[in-house]
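Below: query28.pdb (PDB, C-alpha atoms and all ligand atoms)
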ATOM      1  CA  MET A   1     115.989  90.280  87.229
ATOM      2  CA  SER A   2     116.162  91.300  83.561
ATOM      3  CA  LYS A   3     114.427  94.424  82.273
ATOM      4  CA  LEU A   4     112.036  92.262  80.268
ATOM      5  CA  LEU A   5     111.007  90.307  83.367
ATOM      6  CA  ASN A   6     110.588  93.564  85.267
ATOM      7  CA  LEU A   7     108.203  94.750  82.612
ATOM      8  CA  SER A   8     106.152  91.560  82.628
ATOM      9  CA  LEU A   9     105.976  91.649  86.442
ATOM     10  CA  LEU A  10     104.795  95.245  86.342
ATOM     11  CA  LEU A  11     102.127  94.456  83.768
ATOM     12  CA  LEU A  12     100.906  91.614  85.949
ATOM     13  CA  LEU A  13     100.899  93.850  88.990
ATOM     14  CA  ILE A  14      98.872  96.483  87.179
ATOM     15  CA  GLY A  15      96.398  93.692  86.470
ATOM     16  CA  ILE A  16      95.905  93.127  90.199
ATOM     17  CA  MET A  17      94.386  96.554  90.790
ATOM     18  CA  ALA A  18      91.879  97.288  93.408
ATOM     19  CA  LYS A  19      91.624  94.170  95.583
ATOM     20  CA  ALA A  20      95.247  94.378  96.497
ATOM     21  CA  GLN A  21      95.423  96.190  99.777
ATOM     22  CA  PRO A  22      93.646  94.263 102.515
ATOM     23  CA  VAL A  23      95.951  91.971 104.474
ATOM     24  CA  PRO A  24      94.954  89.169 104.665
ATOM     25  CA  GLY A  25      93.639  89.454 101.105
ATOM     26  CA  ALA A  26      90.223  88.342  99.869
ATOM     27  CA  ASP A  27      91.615  85.403  97.879
ATOM     28  CA  GLU A  28      93.656  84.252 100.890
ATOM     29  CA  ASN A  29      90.513  83.708 102.955
ATOM     30  CA  ILE A  30      92.455  83.955 106.209
ATOM     31  CA  PRO A  31      90.469  85.531 109.057
ATOM     32  CA  ASN A  32      93.236  87.479 110.790
ATOM     33  CA  LEU A  33      96.919  88.056 111.248
ATOM     34  CA  ILE A  34      98.068  87.363 114.813
ATOM     35  CA  THR A  35     100.990  88.502 116.944
ATOM     36  CA  PHE A  36     101.400  87.388 120.550
ATOM     37  CA  GLY A  37     102.992  89.380 123.330
ATOM     38  CA  ALA A  38     106.673  88.641 123.972
ATOM     39  CA  ASP A  39     105.898  86.673 127.157
ATOM     40  CA  ALA A  40     103.628  84.137 125.403
ATOM     41  CA  GLU A  41     104.299  80.417 125.028
ATOM     42  CA  THR A  42     105.327  79.489 121.479
ATOM     43  CA  SER A  43     102.929  76.526 121.747
ATOM     44  CA  TRP A  44     100.109  79.033 121.242
ATOM     45  CA  GLY A  45     101.250  79.445 117.662
ATOM     46  CA  ASP A  46     103.574  82.435 117.280
ATOM     47  CA  ALA A  47     107.246  81.562 116.955
ATOM     48  CA  ASN A  48     108.828  84.990 117.469
ATOM     49  CA  PHE A  49     106.146  87.582 118.346
ATOM     50  CA  CYS A  50     106.775  89.753 115.309
ATOM     51  CA  GLN A  51     105.258  90.206 111.862
ATOM     52  CA  ILE A  52     106.533  92.271 108.924
ATOM     53  CA  ILE A  53     104.255  93.264 106.017
ATOM     54  CA  PHE A  54     105.219  95.421 103.008
ATOM     55  CA  PHE A  55     102.988  97.748 100.986
ATOM     56  CA  THR A  56     103.899  99.083  97.549
ATOM     57  CA  VAL A  57     102.458 102.314  96.162
ATOM     58  CA  PRO A  58     102.781 102.425  92.367
ATOM     59  CA  GLU A  59     105.001 105.154  90.941
ATOM     60  CA  ASN A  60     102.100 106.982  89.297
ATOM     61  CA  HIS A  61     100.229 107.425  92.597
ATOM     62  CA  THR A  62     101.439 110.631  94.253
ATOM     63  CA  ALA A  63      98.527 111.524  96.562
ATOM     64  CA  PRO A  64      98.888 110.699 100.272
ATOM     65  CA  ILE A  65      98.033 107.196 101.475
ATOM     66  CA  TYR A  66      96.869 105.826 104.811
ATOM     67  CA  ILE A  67      97.797 102.552 106.483
ATOM     68  CA  LYS A  68      94.945 101.281 108.587
ATOM     69  CA  VAL A  69      94.783  98.594 111.247
ATOM     70  CA  TYR A  70      91.573  96.796 112.165
ATOM     71  CA  ASP A  71      91.266  95.856 115.858
ATOM     72  CA  PRO A  72      94.788  97.005 116.828
ATOM     73  CA  ASP A  73      93.957  96.573 120.528
ATOM     74  CA  CYS A  74      94.529  93.315 122.380
ATOM     75  CA  GLY A  75      91.344  92.814 124.362
ATOM     76  CA  ASN A  76      87.675  91.969 124.149
ATOM     77  CA  GLU A  77      86.565  90.798 120.701
ATOM     78  CA  ASN A  78      88.806  89.429 117.965
ATOM     79  CA  ASP A  79      91.748  88.600 120.256
ATOM     80  CA  GLU A  80      93.061  85.589 122.190
ATOM     81  CA  LEU A  81      92.959  85.858 125.970
ATOM     82  CA  GLN A  82      95.520  84.120 128.208
ATOM     83  CA  GLY A  83      94.765  84.792 131.891
ATOM     84  CA  GLU A  84      94.102  88.528 132.005
ATOM     85  CA  TRP A  85      94.486  91.028 129.162
ATOM     86  CA  ASN A  86      98.002  92.399 129.644
ATOM     87  CA  THR A  87      99.505  92.604 126.176
ATOM     88  CA  GLU A  88     101.058  95.570 124.397
ATOM     89  CA  THR A  89     101.580  95.476 120.647
ATOM     90  CA  SER A  90     103.446  98.087 118.621
ATOM     91  CA  PHE A  91     102.634  98.904 114.987
ATOM     92  CA  SER A  92     105.448 100.825 113.259
ATOM     93  CA  ILE A  93     105.686 102.115 109.689
ATOM     94  CA  TYR A  94     109.054 102.600 108.035
ATOM     95  CA  GLY A  95     110.124 104.171 104.767
ATOM     96  CA  GLY A  96     113.272 105.619 103.240
ATOM     97  CA  GLN A  97     116.530 104.134 102.078
ATOM     98  CA  GLY A  98     117.129 100.532 103.134
ATOM     99  CA  SER A  99     113.821 100.076 104.926
ATOM    100  CA  CYS A 100     112.577  97.408 102.553
ATOM    101  CA  SER A 101     115.703  96.445 100.597
ATOM    102  CA  ASN A 102     117.837  95.603 103.646
ATOM    103  CA  GLU A 103     118.452  91.851 103.632
ATOM    104  CA  ASP A 104     117.784  91.670 107.373
ATOM    105  CA  ALA A 105     114.183  92.838 106.766
ATOM    106  CA  LYS A 106     113.687  89.802 104.516
ATOM    107  CA  LYS A 107     114.863  87.297 107.100
ATOM    108  CA  LEU A 108     112.972  85.366 109.716
ATOM    109  CA  ASN A 109     114.533  86.509 112.925
ATOM    110  CA  LEU A 110     114.802  89.940 114.416
ATOM    111  CA  ASP A 111     118.540  90.161 113.947
ATOM    112  CA  GLY A 112     120.666  92.945 112.541
ATOM    113  CA  ASP A 113     119.024  95.869 110.758
ATOM    114  CA  TYR A 114     115.521  94.492 110.173
ATOM    115  CA  ASP A 115     114.143  97.856 111.342
ATOM    116  CA  GLU A 116     116.419  99.927 109.082
ATOM    117  CA  GLY A 117     114.877 103.013 107.503
ATOM    118  CA  THR A 118     113.046 106.089 108.691
ATOM    119  CA  LEU A 119     110.372 105.520 111.321
ATOM    120  CA  LEU A 120     107.373 107.410 109.925
ATOM    121  CA  ALA A 121     104.762 106.519 112.526
ATOM    122  CA  SER A 122     104.372 104.167 115.478
ATOM    123  CA  LYS A 123     101.731 103.420 118.071
ATOM    124  CA  THR A 124     101.508 100.875 120.860
ATOM    125  CA  PHE A 125      98.126  99.414 121.794
ATOM    126  CA  GLY A 126      97.078  97.566 124.930
ATOM    127  CA  ASN A 127      93.604  96.563 126.090
ATOM    128  CA  ASP A 128      92.042  99.674 124.543
ATOM    129  CA  PRO A 129      88.235  99.382 124.196
ATOM    130  CA  GLU A 130      88.133 102.464 121.958
ATOM    131  CA  TYR A 131      89.984 100.487 119.259
ATOM    132  CA  ASP A 132      88.156  97.189 119.776
ATOM    133  CA  GLN A 133      86.706  96.063 116.417
ATOM    134  CA  LYS A 134      87.559  99.522 115.067
ATOM    135  CA  TRP A 135      90.070 100.862 112.572
ATOM    136  CA  TYR A 136      93.095 102.926 113.598
ATOM    137  CA  THR A 137      94.544 105.060 110.801
ATOM    138  CA  PHE A 138      98.197 105.988 110.281
ATOM    139  CA  GLY A 139      98.776 108.927 107.964
ATOM    140  CA  PRO A 140      98.481 110.853 105.748
ATOM    141  CA  ILE A 141     101.740 109.448 104.412
ATOM    142  CA  ASN A 142     103.389 110.866 101.316
ATOM    143  CA  PRO A 143     104.202 107.976  98.946
ATOM    144  CA  SER A 144     107.658 109.467  98.326
ATOM    145  CA  GLU A 145     108.500 108.705 101.978
ATOM    146  CA  GLY A 146     108.545 104.994 101.085
ATOM    147  CA  GLU A 147     111.690 103.371  99.723
ATOM    148  CA  TYR A 148     111.790 103.723  95.951
ATOM    149  CA  LEU A 149     112.359 100.278  94.457
ATOM    150  CA  PRO A 150     112.071 100.158  90.646
ATOM    151  CA  GLU A 151     111.747  96.361  90.728
ATOM    152  CA  GLU A 152     108.562  96.796  92.790
ATOM    153  CA  GLY A 153     107.218  99.511  90.493
ATOM    154  CA  GLY A 154     107.085 102.239  93.109
ATOM    155  CA  HIS A 155     107.601 103.203  96.741
ATOM    156  CA  VAL A 156     107.500 100.523  99.408
ATOM    157  CA  PHE A 157     106.589 100.796 103.087
ATOM    158  CA  LYS A 158     107.438  98.328 105.839
ATOM    159  CA  VAL A 159     105.024  97.695 108.697
ATOM    160  CA  ILE A 160     106.542  95.950 111.730
ATOM    161  CA  ILE A 161     104.141  94.536 114.296
ATOM    162  CA  GLU A 162     105.791  93.462 117.545
ATOM    163  CA  GLY A 163     104.352  91.910 120.678
ATOM    164  CA  VAL A 164     106.144  94.131 123.198
ATOM    165  CA  SER A 165     104.952  92.490 126.421
ATOM    166  CA  GLY A 166     102.239  90.285 127.869
ATOM    167  CA  ASP A 167     101.089  86.879 126.688
ATOM    168  CA  ASP A 168      97.794  87.343 124.820
ATOM    169  CA  GLY A 169      97.306  86.983 121.074
ATOM    170  CA  ASN A 170      96.573  90.195 119.160
ATOM    171  CA  MET A 171      94.541  89.566 116.006
ATOM    172  CA  TYR A 172      94.272  92.300 113.387
ATOM    173  CA  GLN A 173      94.036  93.140 109.696
ATOM    174  CA  LEU A 174      95.844  95.797 107.668
ATOM    175  CA  TYR A 175      94.699  97.985 104.787
ATOM    176  CA  MET A 176      96.386 100.566 102.547
ATOM    177  CA  SER A 177      93.840 103.237 101.646
ATOM    178  CA  THR A 178      93.576 106.507  99.736
ATOM    179  CA  LYS A 179      91.093 107.757 102.338
ATOM    180  CA  GLU A 180      91.387 108.418 106.043
ATOM    181  CA  ASP A 181      87.879 107.406 107.055
ATOM    182  CA  THR A 182      87.092 104.558 104.682
ATOM    183  CA  GLN A 183      88.860 101.639 103.083
ATOM    184  CA  ASN A 184      89.485 102.739  99.518
ATOM    185  CA  ALA A 185      92.214 100.843  97.704
ATOM    186  CA  VAL A 186      95.223 102.527  96.089
ATOM    187  CA  GLU A 187      94.872 101.558  92.445
ATOM    188  CA  GLY A 188      97.734  99.288  91.455
ATOM    189  CA  GLY A 189      99.021  99.073  95.038
ATOM    190  CA  TYR A 190      99.758  95.720  96.620
ATOM    191  CA  ALA A 191     101.015  94.013  99.768
ATOM    192  CA  PHE A 192     103.574  91.254 100.193
ATOM    193  CA  TYR A 193     105.393  89.393 102.938
ATOM    194  CA  TYR A 194     108.069  86.753 103.500
ATOM    195  CA  LYS A 195     106.480  85.021 106.474
ATOM    196  CA  TYR A 196     102.943  84.865 107.739
ATOM    197  CA  THR A 197     101.696  84.300 111.299
ATOM    198  CA  VAL A 198      97.943  83.883 111.090
ATOM    199  CA  ARG A 199      94.797  82.549 112.720
ATOM    200  CA  LEU A 200      93.066  79.858 110.644
ATOM    201  CA  HIS A 201      89.301  79.488 110.385
ATOM    202  CA  ASP A 202      87.459  77.282 112.889
ATOM    203  CA  ASP A 203      85.016  76.106 110.196
ATOM    204  CA  PRO A 204      86.530  73.074 108.408
ATOM    205  CA  LYS A 205      84.661  73.960 105.219
ATOM    206  CA  GLU A 206      86.773  77.115 104.798
ATOM    207  CA  VAL A 207      89.962  76.751 102.760
ATOM    208  CA  SER A 208      92.693  79.331 103.255
ATOM    209  CA  HIS A 209      95.372  80.158 100.682
ATOM    210  CA  ILE A 210      98.852  81.676 100.397
ATOM    211  CA  TYR A 211     100.313  82.656  97.021
ATOM    212  CA  PRO A 212     104.117  82.605  96.834
ATOM    213  CA  TYR A 213     105.363  83.916  93.480
ATOM    214  CA  ILE A 214     107.976  81.979  91.495
ATOM    215  CA  ASN A 215     109.839  84.985  90.127
ATOM    216  CA  ASP A 216     113.032  83.429  88.901
ATOM    217  CA  SER A 217     113.713  80.683  86.385
ATOM    218  CA  THR A 218     116.712  79.522  88.414
ATOM    219  CA  ILE A 219     114.380  78.273  91.168
ATOM    220  CA  VAL A 220     114.370  74.479  90.934
ATOM    221  CA  SER A 221     112.762  73.662  94.259
ATOM    222  CA  ILE A 222     111.148  75.330  97.232
ATOM    223  CA  LYS A 223     111.083  74.329 100.853
ATOM    224  CA  GLN A 224     108.060  75.152 102.965
ATOM    225  CA  THR A 225     108.370  75.488 106.728
ATOM    226  CA  ASN A 226     105.426  75.627 109.091
ATOM    227  CA  PHE A 227     105.097  75.884 112.857
ATOM    228  CA  ASP A 228     102.463  74.735 115.368
ATOM    229  CA  TRP A 229      99.977  73.407 112.810
ATOM    230  CA  ASP A 230      98.509  71.060 115.466
ATOM    231  CA  ASN A 231      98.185  68.299 112.822
ATOM    232  CA  ASP A 232      95.163  70.203 111.552
ATOM    233  CA  GLY A 233      94.282  68.876 108.101
ATOM    234  CA  TRP A 234      96.420  69.389 105.010
ATOM    235  CA  ILE A 235      98.679  71.856 103.236
ATOM    236  CA  ILE A 236      98.440  71.301  99.467
ATOM    237  CA  VAL A 237     100.262  72.826  96.503
ATOM    238  CA  ARG A 238      98.125  73.572  93.475
ATOM    239  CA  SER A 239      99.476  75.411  90.449
ATOM    240  CA  VAL A 240      99.266  75.757  86.675
ATOM    241  CA  ALA A 241     101.155  72.458  86.438
ATOM    242  CA  THR A 242     100.270  70.562  89.636
ATOM    243  CA  ALA A 243      96.805  69.339  90.572
ATOM    244  CA  PHE A 244      97.701  68.220  94.060
ATOM    245  CA  HIS A 245     100.895  67.914  96.068
ATOM    246  CA  ARG A 246     100.731  67.377  99.786
ATOM    247  CA  MET A 247     103.151  69.178 102.098
ATOM    248  CA  LYS A 248     104.144  68.093 105.567
ATOM    249  CA  ILE A 249     102.376  69.732 108.503
ATOM    250  CA  SER A 250     103.630  70.209 112.041
ATOM    251  CA  ASN A 251     102.239  69.180 115.379
ATOM    252  CA  ASP A 252     101.798  71.305 118.518
ATOM    253  CA  ASP A 253     104.785  73.625 119.183
ATOM    254  CA  GLU A 254     106.811  71.901 116.458
ATOM    255  CA  TRP A 255     108.303  72.832 113.099
ATOM    256  CA  ALA A 256     107.844  70.813 109.902
ATOM    257  CA  THR A 257     109.440  71.236 106.478
ATOM    258  CA  SER A 258     109.004  69.626 103.077
ATOM    259  CA  MET A 259     110.152  70.209  99.521
ATOM    260  CA  TYR A 260     108.380  70.836  96.250
ATOM    261  CA  ASN A 261     110.131  70.668  92.867
ATOM    262  CA  ILE A 262     109.306  73.632  90.628
ATOM    263  CA  LYS A 263     108.140  72.813  87.093
ATOM    264  CA  PRO A 264     109.118  75.044  84.144
ATOM    265  CA  GLU A 265     105.483  76.074  83.573
ATOM    266  CA  GLU A 266     105.444  77.565  87.076
ATOM    267  CA  TYR A 267     108.008  80.299  86.377
ATOM    268  CA  ASN A 268     106.397  83.723  86.613
ATOM    269  CA  THR A 269     103.249  82.319  88.188
ATOM    270  CA  SER A 270     101.936  82.124  91.729
ATOM    271  CA  LEU A 271     101.550  78.829  93.542
ATOM    272  CA  ASP A 272      98.266  78.274  95.338
ATOM    273  CA  ILE A 273      99.142  76.876  98.767
ATOM    274  CA  GLN A 274      95.844  75.574 100.112
ATOM    275  CA  MET A 275      95.337  75.083 103.826
ATOM    276  CA  LYS A 276      92.483  72.689 104.478
ATOM    277  CA  LYS A 277      91.426  72.037 108.034
ATOM    278  CA  HIS A 278      90.713  68.605 109.434
ATOM    279  CA  PRO A 279      87.023  67.849 108.707
ATOM    280  CA  SER A 280      86.322  66.969 112.383
ATOM    281  CA  GLY A 281      86.419  70.682 113.175
ATOM    282  CA  ASN A 282      87.887  69.811 116.579
ATOM    283  CA  ILE A 283      90.872  72.106 116.217
ATOM    284  CA  ARG A 284      89.836  75.640 117.041
ATOM    285  CA  ASN A 285      91.757  78.893 117.483
ATOM    286  CA  ASN A 286      94.600  77.468 115.425
ATOM    287  CA  ASN A 287      97.452  79.961 115.060
ATOM    288  CA  VAL A 288     100.243  79.000 112.671
ATOM    289  CA  VAL A 289     103.422  80.272 111.018
ATOM    290  CA  ILE A 290     104.375  79.490 107.412
ATOM    291  CA  TYR A 291     107.099  80.544 104.966
ATOM    292  CA  PHE A 292     108.810  79.397 101.769
ATOM    293  CA  GLU A 293     112.439  79.404 100.656
ATOM    294  CA  ASN A 294     114.120  78.671  97.330
ATOM    295  CA  GLN A 295     116.997  76.206  97.060
ATOM    296  CA  TYR A 296     119.454  78.988  97.971
ATOM    297  CA  GLY A 297     117.689  79.532 101.302
ATOM    298  CA  GLU A 298     116.214  82.889 100.201
ATOM    299  CA  LEU A 299     112.672  83.583 101.355
ATOM    300  CA  LEU A 300     110.023  83.816  98.640
ATOM    301  CA  LYS A 301     107.602  86.710  98.536
ATOM    302  CA  SER A 302     103.912  85.954  98.849
ATOM    303  CA  TYR A 303     101.355  88.516  97.692
ATOM    304  CA  SER A 304      98.041  89.112  99.447
ATOM    305  CA  VAL A 305      96.497  89.069  95.979
ATOM    306  CA  PRO A 306      98.183  86.488  93.742
ATOM    307  CA  ILE A 307     100.247  87.949  90.872
ATOM    308  CA  GLY A 308      98.652  86.863  87.606
ATOM    309  CA  GLY A 309      95.522  85.774  89.477
ATOM    310  CA  VAL A 310      94.785  82.497  91.238
ATOM    311  CA  PRO A 311      96.656  79.864  89.191
ATOM    312  CA  LYS A 312      94.455  77.487  87.259
ATOM    313  CA  TYR A 313      95.622  73.919  86.879
ATOM    314  CA  GLY A 314      95.869  73.185  83.171
ATOM    315  CA  GLY A 315      95.735  69.364  83.298
ATOM    316  CA  ASN A 316      92.991  66.841  83.994
ATOM    317  CA  PRO A 317      90.411  68.831  85.975
ATOM    318  CA  THR A 318      89.139  65.762  87.824
ATOM    319  CA  VAL A 319      92.436  65.372  89.684
ATOM    320  CA  ASN A 320      91.724  68.013  92.252
ATOM    321  CA  GLU A 321      90.422  66.587  95.493
ATOM    322  CA  LEU A 322      91.874  64.738  98.446
TER     323      LEU A 322
HETATM  324 CA    CA B   1      97.404  87.673 129.468
HETATM  325 CA    CA B   2      89.961  93.465 120.146
HETATM  326 CA    CA B   3      93.365  92.860 118.064
HETATM  327 CA    CA B   4      98.584  76.184 116.321
END
Transcribe the structure of this file into C-alpha cells.
Amino acid sequence: MSKLLNLSLLLLLIGIMAKAQPVPGADENIPNLITFGADAETSWGDANFCQIIFFTVPENHTAPIYIKVYDPDCGNENDELQGEWNTETSFSIYGGQGSCSNEDAKKLNLDGDYDEGTLLASKTFGNDPEYDQKWYTFGPINPSEGEYLPEEGGHVFKVIIEGVSGDDGNMYQLYMSTKEDTQNAVEGGYAFYYKYTVRLHDDPKEVSHIYPYINDSTIVSIKQTNFDWDNDGWIIVRSVATAFHRMKISNDDEWATSMYNIKPEEYNTSLDIQMKKHPSGNIRNNNVVIYFENQYGELLKSYSVPIGGVPKYGGNPTVNEL
C-alpha cells in the first residue's frame, strides 16, 4: 500500500472512534459469535471450531487495555446445548512479532503458524455458571505487547477462540476496553477479522451486516464463501455503486460461493453485505460461516465498524428492496 493510501486509511480509521470495539459491532447487528466444541457436527454451523479476531490499539494510546468476553462459558443461557453441557472453549490473546502479520493467521484453516506470537493470556471455560451472562476480563495488557503494524496505525492483538472438546455451541461477544470493570471503548481502536462464524437472529425482521473493506485498486472481483446457511433468506451486496446484488447461499452442512465484480467507485470503501432471513421465520438458531477473497485468493478484512461508515448507495434510491 502506498504512503498516501496509508494516510487516507488512518484518517478514516480515526473517524470510526468510539463504537469500534464491540465484536460483533453495533452496525453489524449480529447477536453473537459462536464456536462449537471440536466434537460437534459441522451441520450445526461451525466448519472448523475456531475463530480469530484482531484488535488494533492506535499508536497514541499507551495506557493499558482490557479484552473482555461476554458469556465465555458454554452452558445455561446464551449457548447451544447438544445432549449434555460438556464443551470446553479456550480464549487466548497473542501479541508480539508475527502474531498478526503471519500469513497463516490470515488463512482459513488451523495450519502452520496461525498461533505465532507471544501468548499473553489464556483461559479455558466449560459449563461455568459464574461466567454465565457475565463478562470475563483479560488484562491489564500493555498496548506495546501487541504487534506493531504501521499499516494498521498501531499495535495489534490476536484473539484465538478454539472449541477444545465437547459438542455444544459457545456463543459470546468480545470487547476491547480501557477499563477493567466496564465497557469503555479505546478511542480510535478497532476490530477486524478474515472469517466470521456467527449466530443469526431468529427474528426475520432483523437484518445483519458484514463490512469487508476494498483496500486495493487492483481488486477486480471478490468471491464470497458461506457455509451451512440452511437456505435462510438472502445475502445481498449493497455499496456506494450497487443498489442490490444477490449472492448465493448454502444449504444445510454445505458450502456455497459466488462472485461480485468490484466497481471503481468501490475502492477505499466498505461493502455492506446484508444478511436477510427468510420472512417465514421458520429457521431458528441459524449458525453460519462467511468470508471473502479477492481474485488472488487472499482473504479480505472485514471491520466490526465499517471503515468510512456504512456505504450509501449513490444511485436511484428506489432500487433498494427485494
Ligand atoms: Ca454436549
Ligand atoms: Ca452461557
Ligand atoms: Ca457462551
Ligand atoms: Ca446453519
Handout entry: Protein and nucleic residues near ligand CA 2 (chain B), 9 Å, all atoms listed in the file, as a PyMOL selection string
Key = chain A and resi 70-80+127-129+131-134+170-172
Got a sec to resolve the PyMOL selection byres (((chain A and resi 252) around 7) and not hetatm) on this structure and send the residues as a compact mmCIF listing (two decimals) with C-alpha atoms, in the frame of the given file?
# COMPACT_ATOMS: atom_id res chain seq x y z
CA SER A 43 102.93 76.53 121.75
CA ASP A 228 102.46 74.74 115.37
CA TRP A 229 99.98 73.41 112.81
CA ASP A 230 98.51 71.06 115.47
CA SER A 250 103.63 70.21 112.04
CA ASN A 251 102.24 69.18 115.38
CA ASP A 253 104.78 73.62 119.18
CA GLU A 254 106.81 71.90 116.46
Kindly compile the residues surrounding ligand CA 4 (chain B) within 12 Å, counting all atoms listed in the file, and format them as a compact mmCIF listing (two decimals) with C-alpha atoms, in the coordinates of the input.
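Output file selection-v7.txt follows:
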# COMPACT_ATOMS: atom_id res chain seq x y z
CA ILE A 34 98.07 87.36 114.81
CA GLU A 41 104.30 80.42 125.03
CA THR A 42 105.33 79.49 121.48
CA SER A 43 102.93 76.53 121.75
CA TRP A 44 100.11 79.03 121.24
CA GLY A 45 101.25 79.44 117.66
CA ASP A 46 103.57 82.44 117.28
CA ALA A 47 107.25 81.56 116.96
CA GLY A 169 97.31 86.98 121.07
CA THR A 197 101.70 84.30 111.30
CA VAL A 198 97.94 83.88 111.09
CA ARG A 199 94.80 82.55 112.72
CA LEU A 200 93.07 79.86 110.64
CA HIS A 201 89.30 79.49 110.38
CA ASP A 202 87.46 77.28 112.89
CA ASN A 226 105.43 75.63 109.09
CA PHE A 227 105.10 75.88 112.86
CA ASP A 228 102.46 74.74 115.37
CA TRP A 229 99.98 73.41 112.81
CA ASP A 230 98.51 71.06 115.47
CA ASN A 231 98.18 68.30 112.82
CA ASP A 232 95.16 70.20 111.55
CA GLY A 233 94.28 68.88 108.10
CA ILE A 249 102.38 69.73 108.50
CA SER A 250 103.63 70.21 112.04
CA ASN A 251 102.24 69.18 115.38
CA ASP A 252 101.80 71.31 118.52
CA ASP A 253 104.78 73.62 119.18
CA GLU A 254 106.81 71.90 116.46
CA TRP A 255 108.30 72.83 113.10
CA LYS A 277 91.43 72.04 108.03
CA ILE A 283 90.87 72.11 116.22
CA ARG A 284 89.84 75.64 117.04
CA ASN A 285 91.76 78.89 117.48
CA ASN A 286 94.60 77.47 115.42
CA ASN A 287 97.45 79.96 115.06
CA VAL A 288 100.24 79.00 112.67
CA VAL A 289 103.42 80.27 111.02
CA ILE A 290 104.38 79.49 107.41
Practice task
Skip stretch 189-194 of chain A itself and residues of its chain fewer than 2 positions away, then list as a PyMOL selection string all residues within 7 Å of it, counting only C-alpha atoms.
Solution key: chain A and resi 17+20-21+52-58+106+186-187+196+291+299-304
Can those selected residues be exported to a file as a short mmCIF file (atom, residue, chain, number, x, y, z; two decimals), in the frame of the given file so that it contains C-alpha atoms?
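Saved the output as result11.cif:
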data_model
loop_
_atom_site.label_atom_id
_atom_site.label_comp_id
_atom_site.auth_asym_id
_atom_site.auth_seq_id
_atom_site.Cartn_x
_atom_site.Cartn_y
_atom_site.Cartn_z
CA MET A 17 94.39 96.55 90.79
CA ALA A 20 95.25 94.38 96.50
CA GLN A 21 95.42 96.19 99.78
CA ILE A 52 106.53 92.27 108.92
CA ILE A 53 104.26 93.26 106.02
CA PHE A 54 105.22 95.42 103.01
CA PHE A 55 102.99 97.75 100.99
CA THR A 56 103.90 99.08 97.55
CA VAL A 57 102.46 102.31 96.16
CA PRO A 58 102.78 102.42 92.37
CA LYS A 106 113.69 89.80 104.52
CA VAL A 186 95.22 102.53 96.09
CA GLU A 187 94.87 101.56 92.44
CA TYR A 196 102.94 84.86 107.74
CA TYR A 291 107.10 80.54 104.97
CA LEU A 299 112.67 83.58 101.36
CA LEU A 300 110.02 83.82 98.64
CA LYS A 301 107.60 86.71 98.54
CA SER A 302 103.91 85.95 98.85
CA TYR A 303 101.36 88.52 97.69
CA SER A 304 98.04 89.11 99.45
#
Exercise for the section: Please give me, as a ChimeraX atom specification, the residues lying within 10 Å of ligand CA 1 (chain B) when counting all atoms listed in the file. Expected result: /A:36-37,39-40,74-75,80-87,165-169
